[in-house]
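Written below as structure tokens is the structure these notes are about.
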Amino acid sequence: MLKPKKSTCFPKSSFKQSKDLITVTGSGTLLFDFGIESAGWIEFDSDDLIDSVEVSISEYNEPAILNAGSQHRIKTHTPVKYGNTYRLELNDLLYEGVRFAWIHVRNFSKTWHIKNVRLVCQVRPVNYTGSFSCSDPELTRIWYTGAYLVKINMLQDYFGAILMERSDRHSWTGDAYPAQAAALAAFGNYDVIKKNIAYTSSQNNGIAAYSLYWVLSLIDYYNYTGDTQFLKEYAKNADKRLETAYSQYDQLPKLGFMGWDERLGAGFENPQIMEAQNTYKMLCINAWKQFSKAMSSANEKEMATKYEQFAASKIKLMQEDRNSVQHYGIHAVSEAVNAGLNDQLIINNISATLFNDRLNRLSYSPFNQYFIIQAMALANQFDAALTTIKDLWGGQLRYGGTTFFEVYRPSWNDILKLNDAPPNNQCGYTSLAHPWSAGVTKWLSENILGIKPVRPGFRSFTIIPFLNNKLTRVKGAMPTPFGAITVDFNTQSGNFHLTIPQGTIAEKIGLPKSGRQISKVTVNGKLLWDKAFHQVNGISAIDEENDYLYIIHLEPGNYKLKVTYTGTNKSIEKKTEKYNYLIPTFKHDSVTSGNWKGKYGKQGYALFGYSPDIVSKQLPPYVDAVTLQKNGVVVWDKLTSDARALSAPGNTIKIAAAIITKDPDACYQTMTVDIKLKENHTFRLSMYFLDWDKQERRSAIEIFDLESLNIISPVEMVRNYETGKYVSFSFNKSVRIRINQVRGKNAALSGIFFD
């Protein structure tokens, strides 16, 4: 039972609150903030309720409205009465993702009372056998938020894909990959992970990449548990999936989906685009290589050789076709690095450039970002990776999130207030509790805490934490079948503590120099190493490089190390790069309304909605085409004198019409307008938004380079456009404009104008 952290009355005169009792003295609404998103349902008690009430729930600070397909799309309903208890029931399983709830008193006849408002929460009982903390509290919070996110989504099919009920709340094979990865590091709940791998073994969700993510999930499980029997039991399943990928590699299958990121085809819209294809091919090579390694470890030499050769044959083709590699974007090159191809100079050079672009190394999807930060770690780009983590996952916390989202852009925080309704997009309703975003938890355990298995089941492992002049301490535990490996490294005090469980060996312990030099190390009070000694007290070896002093082959036990540092930190403070938006600002005009002639469109225009496409257009000579995708059409009034409506030149007839998003159809909460130029030419484009029927429309705009599909502007919000509003920007290349519904009936665009 979770009590509200805060309650607010609208209007205050209709409610009197004292402890758990609320006296209702008039019509109005009560808003409850429970402080954290949970899987639950809202209930309250009343002995004397006589008026009509409705109850709402949401992940953000407005009652939720989802896309079609859910049992109750609009998350507002009359509560069901059980004696003196009133419960909101929106689906057969009862629970939804609830952070906020409302009680609406629709009419009032006489005073009555509300008691014991509560959120009844459900959660699978898993233990945090893993842990993480560091000197950066935001990173610590990110680790635990990812773990908590997975925990509350484990009610449906082991690892459900979404907390809100919008018809897809089940375990998707690909979504489960980073969710299970986080669970391995946070909970070590191997039994549940094993069951979910078995449960999803007959699925691929019709998505080619998801079939490979299932294989990678199996390998993750094997590496963390050493469960050779389970690996071999499902090796034939993995073999079939990987053979299929090999047979289709040169003539790719219908990918179905690679991610919501525009550069991966914007979900189900255009999944066959080149970046998605290249990303999938690199994912194939990565999966073949990892499976080969796992089979070799399990003494399945024939299978190991087979997939080693599969990978080698396609890598050879890559090396012969260097031109295609030059066109890899952030997702494809990240998968190439994950596949171990960063030893190739061209991959190394491209990745270095892409990883240093603070804006476009960010994916729209934290799911896809997990693979990017994996690659950044392998490329030794830890500072950039941490900035990226704080931009993407930290940004969600700064928005007010207590779980991680399905999609997110940092610029949302500039246009939204705390916990505001976010933009919806190609996936429909934007989920704010989506466990595919939790992979960052495992990443932090493996790369900042620094614990990674070498032999399956952590029979041997490495501890190489990442610490620098800013990040000076990391502490935590990694669950293993032999017990927890614990680490506590503090480069300011020089005090390091380690626990190595019985049955395991630490092959390599990295003592971070953090820009200084290490002059002496003692272990449990005895001298281990200084400049004059390299092997004492039974330690097998000491190794050294620029950033670490390594202890090689440490036996089980508890160790207290004292590290003596000399010198001052010589690391160069890098200036944090800003987001490099090519279109940094927009201009809004709410005055001109439909009277555009003479002010807008001096070089050309396109008026939408008069017919299924465009009734009247006169494009500038530098524009090749204006192409619409995924939009619907609405004609509000075919003949009007209303000043808000647009009219074509030479025609006094005004028609109130627009292209619109197709809400509430799933995956149709967004539409695109592509402006293709014949040649680069500087122009100003103005979009005319019109909320003709006053449906409280609120819309968001994203602008992409049409060729690279990199985002080139911050997300822009369009509010209050009942009287019509122009939103203008300037650029000099072909662009894609994506218009997203936020709230209201849909998003509505009446025309565009070139100047």
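Quick note on naming: the chains in the structure tokens go A, B, ... in the order shown, residues restart at 1 in each chain, and ligands are numbered from 1 in order of appearance.
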
Using only C-alpha atoms, which residues sit within 9 Å of Thr661 (chain A) once same-chain residues fewer than 2 positions away are excluded, as a compact mmCIF listing (two decimals) with C-alpha atoms, in the first residue's frame?
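Writing done, so here's part_5.txt:
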# COMPACT_ATOMS: atom_id res chain seq x y z
CA LYS A 630 1.55 8.69 -42.36
CA ASN A 631 -0.82 11.65 -42.28
CA GLY A 632 -4.57 11.77 -42.38
CA VAL A 633 -6.68 14.64 -43.76
CA ILE A 659 -3.17 17.15 -42.55
CA ASP A 663 -4.73 9.27 -33.42
CA PRO A 664 -5.61 6.97 -31.74
CA TYR A 668 0.22 6.90 -36.02
CA GLN A 669 0.71 9.65 -33.44
CA THR A 670 3.19 11.27 -35.82
CA MET A 671 3.47 12.35 -39.45
CA ILE A 739 5.24 16.39 -36.25
CA ASN A 740 4.28 14.60 -33.05
CA GLN A 741 1.02 14.67 -31.14
CA LYS A 745 -7.24 15.13 -30.53
CA ASN A 746 -4.24 15.02 -32.90
CA ALA A 747 -1.63 17.30 -34.45
CA ALA A 748 -2.91 19.48 -37.31

Contacts of Lys520 (chain A) within 9 Å, only C-alpha atoms, excl. fewer than 3 positions in-chain, as a list in words: Leu527, Leu528, Trp529, Asp530, Lys531, Lys562, Val563, Thr564 and Tyr565 of chain A

Closest atom pairs, region 480-573 of chain A residues within 12 Å of region 423-446 of chain A, only C-alpha atoms, as CSV:
residue,atom,partner,partner_atom,distance
A:Ile485,CA,A:Ser445,CA,11.2
A:Thr486,CA,A:Ser445,CA,11.0
A:Val487,CA,A:Ser445,CA,10.5

Selection: 7 Å around Gly28 (chain A), only C-alpha atoms, excl. self and same-chain fewer than 4 positions, as an MDAnalysis selection string: chainID A and resid 10:11 14 104:106

Pull N, CA and C atoms from the residues just selected and write them as a compact mmCIF listing (two decimals), in the first residue's frame.
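Final output, result.txt:
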# COMPACT_ATOMS: atom_id res chain seq x y z
N PHE A 10 -8.33 21.16 -6.62
CA PHE A 10 -8.79 22.14 -7.62
C PHE A 10 -10.32 22.14 -7.63
N PRO A 11 -11.01 23.17 -7.13
CA PRO A 11 -10.46 24.30 -6.38
C PRO A 11 -10.27 23.93 -4.92
N SER A 14 -13.33 23.29 -2.49
CA SER A 14 -14.18 22.10 -2.56
C SER A 14 -13.71 20.95 -1.69
N HIS A 104 -12.06 12.80 -9.60
CA HIS A 104 -12.86 13.90 -10.15
C HIS A 104 -14.27 13.83 -9.56
N VAL A 105 -14.65 14.83 -8.84
CA VAL A 105 -16.02 14.95 -8.36
C VAL A 105 -16.80 15.71 -9.42
N ARG A 106 -17.59 14.98 -10.22
CA ARG A 106 -18.24 15.58 -11.39
C ARG A 106 -19.45 16.43 -11.01

Surrounding residues of Gly400 (chain A) excluding itself and chain neighbours under 6 positions, 9 Å, only C-alpha atoms, as a list of chain:residue names: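 The contact residues come out as A:Tyr60, A:Leu418, A:Asn419, A:Asp420.
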
Go ahead and save the picked residues with N, CA and C atoms, as a compact mmCIF listing (two decimals), in the first residue's frame.
# COMPACT_ATOMS: atom_id res chain seq x y z
N TYR A 60 2.55 10.69 -16.05
CA TYR A 60 2.93 12.10 -16.02
C TYR A 60 1.79 12.91 -15.41
N LEU A 418 8.45 20.09 -15.25
CA LEU A 418 8.67 18.84 -14.54
C LEU A 418 7.45 17.93 -14.66
N ASN A 419 7.68 16.71 -15.17
CA ASN A 419 6.65 15.67 -15.29
C ASN A 419 5.52 16.02 -16.25
N ASP A 420 5.74 16.95 -17.18
CA ASP A 420 4.74 17.25 -18.20
C ASP A 420 4.53 16.06 -19.13
